[in-house]
$ cat coords-v5.csv   # CSV, N, CA and C atoms
chain,number,residue,atom,x,y,z
A,1,MET,N,98.3,159.3,60.0
A,1,MET,CA,98.4,160.7,60.4
A,1,MET,C,98.7,161.5,59.2
A,2,GLU,N,98.0,162.6,59.1
A,2,GLU,CA,98.3,163.6,58.0
A,2,GLU,C,98.2,165.0,58.5
A,3,ALA,N,98.9,165.8,57.9
A,3,ALA,CA,98.9,167.3,58.2
A,3,ALA,C,97.7,167.9,57.6
A,4,ILE,N,96.9,168.6,58.4
A,4,ILE,CA,95.8,169.4,57.9
A,4,ILE,C,96.0,170.8,58.5
A,5,GLY,N,96.5,171.7,57.7
A,5,GLY,CA,96.9,173.0,58.3
A,5,GLY,C,98.2,172.8,59.1
A,6,GLN,N,98.3,173.2,60.3
A,6,GLN,CA,99.5,173.0,61.1
A,6,GLN,C,99.2,172.0,62.2
A,7,VAL,N,98.2,171.2,62.0
A,7,VAL,CA,97.8,170.1,63.0
A,7,VAL,C,97.9,168.8,62.3
A,8,PHE,N,98.4,167.8,63.0
A,8,PHE,CA,98.4,166.4,62.4
A,8,PHE,C,97.1,165.7,63.0
A,9,VAL,N,96.4,165.1,62.0
A,9,VAL,CA,95.1,164.5,62.4
A,9,VAL,C,95.1,163.1,61.9
A,10,GLN,N,94.3,162.3,62.5
A,10,GLN,CA,94.0,160.9,62.1
A,10,GLN,C,92.5,160.9,61.9
A,11,ARG,N,92.0,160.8,60.7
A,11,ARG,CA,90.6,161.0,60.5
A,11,ARG,C,90.0,159.6,60.1
A,12,PHE,N,88.7,159.4,60.4
A,12,PHE,CA,88.0,158.3,60.1
A,12,PHE,C,86.6,158.7,59.8
A,13,GLY,N,86.2,158.5,58.6
A,13,GLY,CA,84.8,158.9,58.2
A,13,GLY,C,84.7,160.3,57.8
A,14,LEU,N,85.7,161.1,57.7
A,14,LEU,CA,85.7,162.5,57.3
A,14,LEU,C,86.6,162.6,56.1
A,15,SER,N,86.1,163.5,55.2
A,15,SER,CA,87.0,163.9,54.1
A,15,SER,C,88.0,164.9,54.6
A,16,PRO,N,89.1,165.1,53.8
A,16,PRO,CA,90.0,166.1,54.2
A,16,PRO,C,89.4,167.5,54.4
A,17,ASP,N,88.4,167.8,53.5
A,17,ASP,CA,87.7,169.1,53.6
A,17,ASP,C,86.9,169.2,54.9
A,18,GLN,N,86.2,168.1,55.2
A,18,GLN,CA,85.4,168.1,56.5
A,18,GLN,C,86.3,168.3,57.7
A,19,ALA,N,87.5,167.6,57.7
A,19,ALA,CA,88.4,167.7,58.8
A,19,ALA,C,89.0,169.1,58.9
A,20,ARG,N,89.3,169.7,57.8
A,20,ARG,CA,89.8,171.1,57.8
A,20,ARG,C,88.7,172.0,58.3
A,21,ALA,N,87.5,171.9,57.9
A,21,ALA,CA,86.4,172.7,58.4
A,21,ALA,C,86.2,172.6,59.9
A,22,THR,N,86.3,171.4,60.4
A,22,THR,CA,86.2,171.1,61.8
A,22,THR,C,87.3,171.8,62.6
A,23,ILE,N,88.5,171.7,62.1
A,23,ILE,CA,89.7,172.3,62.8
A,23,ILE,C,89.5,173.8,62.7
A,24,ASP,N,89.1,174.4,61.6
A,24,ASP,CA,88.9,175.8,61.5
A,24,ASP,C,87.8,176.3,62.4
A,25,ARG,N,86.8,175.5,62.6
A,25,ARG,CA,85.7,175.9,63.5
A,25,ARG,C,86.1,176.0,64.9
A,26,PHE,N,87.0,175.1,65.4
A,26,PHE,CA,87.4,175.1,66.8
A,26,PHE,C,88.7,175.8,67.0
A,27,ALA,N,89.4,176.3,66.0
A,27,ALA,CA,90.7,177.0,66.2
A,27,ALA,C,90.4,178.5,66.2
A,28,LEU,N,89.9,179.0,67.3
A,28,LEU,CA,89.4,180.4,67.4
A,28,LEU,C,90.5,181.4,67.6
A,29,TYR,N,91.5,181.0,68.5
A,29,TYR,CA,92.5,182.0,68.8
A,29,TYR,C,93.9,181.6,68.4
A,30,SER,N,94.1,180.4,67.8
A,30,SER,CA,95.4,180.0,67.3
A,30,SER,C,95.2,179.0,66.3
A,31,HIS,N,96.3,178.4,65.8
A,31,HIS,CA,96.2,177.4,64.7
A,31,HIS,C,95.9,176.0,65.4
A,32,ILE,N,96.0,175.9,66.7
A,32,ILE,CA,95.7,174.7,67.4
A,32,ILE,C,94.2,174.8,67.9
A,33,PRO,N,93.4,173.8,67.6
A,33,PRO,CA,92.0,173.9,68.1
A,33,PRO,C,91.9,174.0,69.6
A,34,ASP,N,91.0,174.9,70.0
A,34,ASP,CA,90.9,175.2,71.5
A,34,ASP,C,90.7,174.0,72.4
A,35,PRO,N,89.8,173.0,72.0
A,35,PRO,CA,89.7,171.8,72.9
A,35,PRO,C,91.0,171.1,73.0
A,36,LEU,N,91.8,171.0,71.9
A,36,LEU,CA,93.1,170.3,72.0
A,36,LEU,C,94.1,171.1,72.9
A,37,ARG,N,94.1,172.4,72.7
A,37,ARG,CA,95.0,173.2,73.5
A,37,ARG,C,94.6,173.2,75.0
A,38,THR,N,93.3,173.2,75.3
A,38,THR,CA,92.9,173.1,76.7
A,38,THR,C,93.3,171.8,77.3
A,39,ALA,N,93.1,170.7,76.5
A,39,ALA,CA,93.5,169.3,77.1
A,39,ALA,C,95.0,169.3,77.3
A,40,HIS,N,95.8,169.9,76.5
A,40,HIS,CA,97.2,169.9,76.7
A,40,HIS,C,97.6,170.7,78.0
A,41,LEU,N,96.9,171.8,78.2
A,41,LEU,CA,97.2,172.6,79.4
A,41,LEU,C,96.8,171.8,80.7
A,42,ILE,N,95.7,171.2,80.6
A,42,ILE,CA,95.2,170.4,81.8
A,42,ILE,C,96.1,169.2,82.1
A,43,ALA,N,96.5,168.5,81.0
A,43,ALA,CA,97.5,167.4,81.2
A,43,ALA,C,98.8,167.9,81.8
A,44,GLY,N,99.3,169.0,81.3
A,44,GLY,CA,100.5,169.5,81.8
A,44,GLY,C,100.4,169.9,83.3
A,45,ALA,N,99.3,170.5,83.6
A,45,ALA,CA,99.1,170.8,85.0
A,45,ALA,C,99.0,169.6,85.9
A,46,LEU,N,98.4,168.5,85.4
A,46,LEU,CA,98.3,167.3,86.2
A,46,LEU,C,99.7,166.7,86.4
A,47,ILE,N,100.5,166.7,85.4
A,47,ILE,CA,101.8,166.1,85.5
A,47,ILE,C,102.7,166.9,86.4
A,48,HIS,N,102.7,168.2,86.2
A,48,HIS,CA,103.6,169.1,87.0
A,48,HIS,C,103.0,169.6,88.3
A,49,GLY,N,101.7,169.3,88.5
A,49,GLY,CA,101.1,169.7,89.7
A,49,GLY,C,100.6,171.1,89.8
A,50,GLN,N,100.9,171.9,88.7
A,50,GLN,CA,100.5,173.3,88.7
A,50,GLN,C,100.8,173.8,87.3
A,51,ASN,N,100.3,175.0,87.0
A,51,ASN,CA,100.6,175.6,85.7
A,51,ASN,C,102.0,176.3,86.0
A,52,HIS,N,103.1,175.8,85.4
A,52,HIS,CA,104.4,176.4,85.7
A,52,HIS,C,104.6,177.7,85.0
A,53,GLY,N,103.6,178.3,84.3
A,53,GLY,CA,103.7,179.6,83.7
A,53,GLY,C,103.3,180.7,84.6
A,54,ARG,N,102.8,180.3,85.8
A,54,ARG,CA,102.4,181.3,86.8
A,54,ARG,C,103.2,181.1,88.0
A,55,PRO,N,103.5,182.2,88.8
A,55,PRO,CA,104.3,182.0,90.0
A,55,PRO,C,103.5,181.4,91.1

$ encode --input "coords-v5.csv" --output "structure tokens"
Amino acid sequence: MEAIGQVFVQRFGLSPDQARATIDRFALYSHIPDPLRTAHLIAGALIHGQNHGRP
């Protein structure tokens, strides 16, 4: 695991520059790539049964 930007990644077959370019391409609204952020939200909803951020 290594830090690339503010995200820790484990890369295989990618150079650090390619990994950074991929992260930058998918991090549209924050420093966390959107597919990773979405997966985290879905997993949290499955564990808690709902999105606890909404009433």

$ atom_distance --input "coords-v5.csv" --atom1 "atom CA of Gln10 of chain A" --atom2 "atom CA of His48 of chain A"
27.9 Å

$ atom_distance --input "coords-v5.csv" --atom1 "atom N of Asp24 of chain A" --atom2 "atom N of Leu46 of chain A"
26.2 Å

$ select_by_dssp --input "coords-v5.csv" --residues "chain A" --states "strand (DSSP E)" --output "tab-separated table (two decimals) with N, CA and C atoms, in the coordinates of the input"
chain	number	residue	atom	x	y	z
A	2	GLU	N	98.00	162.60	59.10
A	2	GLU	CA	98.30	163.60	58.00
A	2	GLU	C	98.20	165.00	58.50
A	3	ALA	N	98.90	165.80	57.90
A	3	ALA	CA	98.90	167.30	58.20
A	3	ALA	C	97.70	167.90	57.60
A	4	ILE	N	96.90	168.60	58.40
A	4	ILE	CA	95.80	169.40	57.90
A	4	ILE	C	96.00	170.80	58.50
A	7	VAL	N	98.20	171.20	62.00
A	7	VAL	CA	97.80	170.10	63.00
A	7	VAL	C	97.90	168.80	62.30
A	8	PHE	N	98.40	167.80	63.00
A	8	PHE	CA	98.40	166.40	62.40
A	8	PHE	C	97.10	165.70	63.00
A	9	VAL	N	96.40	165.10	62.00
A	9	VAL	CA	95.10	164.50	62.40
A	9	VAL	C	95.10	163.10	61.90

$ atom_distance --input "coords-v5.csv" --atom1 "atom N of Val9 of chain A" --atom2 "atom CA of Ile23 of chain A"
9.9 Å

$ residues_around --input "coords-v5.csv" --residues "Ala19 of chain A" --least-positions-apart "5" --cutoff "8 Å" --atoms "only C-alpha atoms" --output "list in words"
Ile4, Arg11 and Leu14 of chain A

$ write_last_selection --input "coords-v5.csv" --atoms "N, CA and C atoms" --output "PDB file, in the frame of the given file"
ATOM      1  N   ILE A   4      96.900 168.600  58.400  1.00  0.00           N
ATOM      2  CA  ILE A   4      95.800 169.400  57.900  1.00  0.00           C
ATOM      3  C   ILE A   4      96.000 170.800  58.500  1.00  0.00           C
ATOM      4  N   ARG A  11      92.000 160.800  60.700  1.00  0.00           N
ATOM      5  CA  ARG A  11      90.600 161.000  60.500  1.00  0.00           C
ATOM      6  C   ARG A  11      90.000 159.600  60.100  1.00  0.00           C
ATOM      7  N   LEU A  14      85.700 161.100  57.700  1.00  0.00           N
ATOM      8  CA  LEU A  14      85.700 162.500  57.300  1.00  0.00           C
ATOM      9  C   LEU A  14      86.600 162.600  56.100  1.00  0.00           C
TER      10      LEU A  14
END

$ select_by_dssp --input "coords-v5.csv" --residues "chain A" --states "alpha helix (DSSP H)" --output "PyMOL selection string"
chain A and resi 16-26+34-48
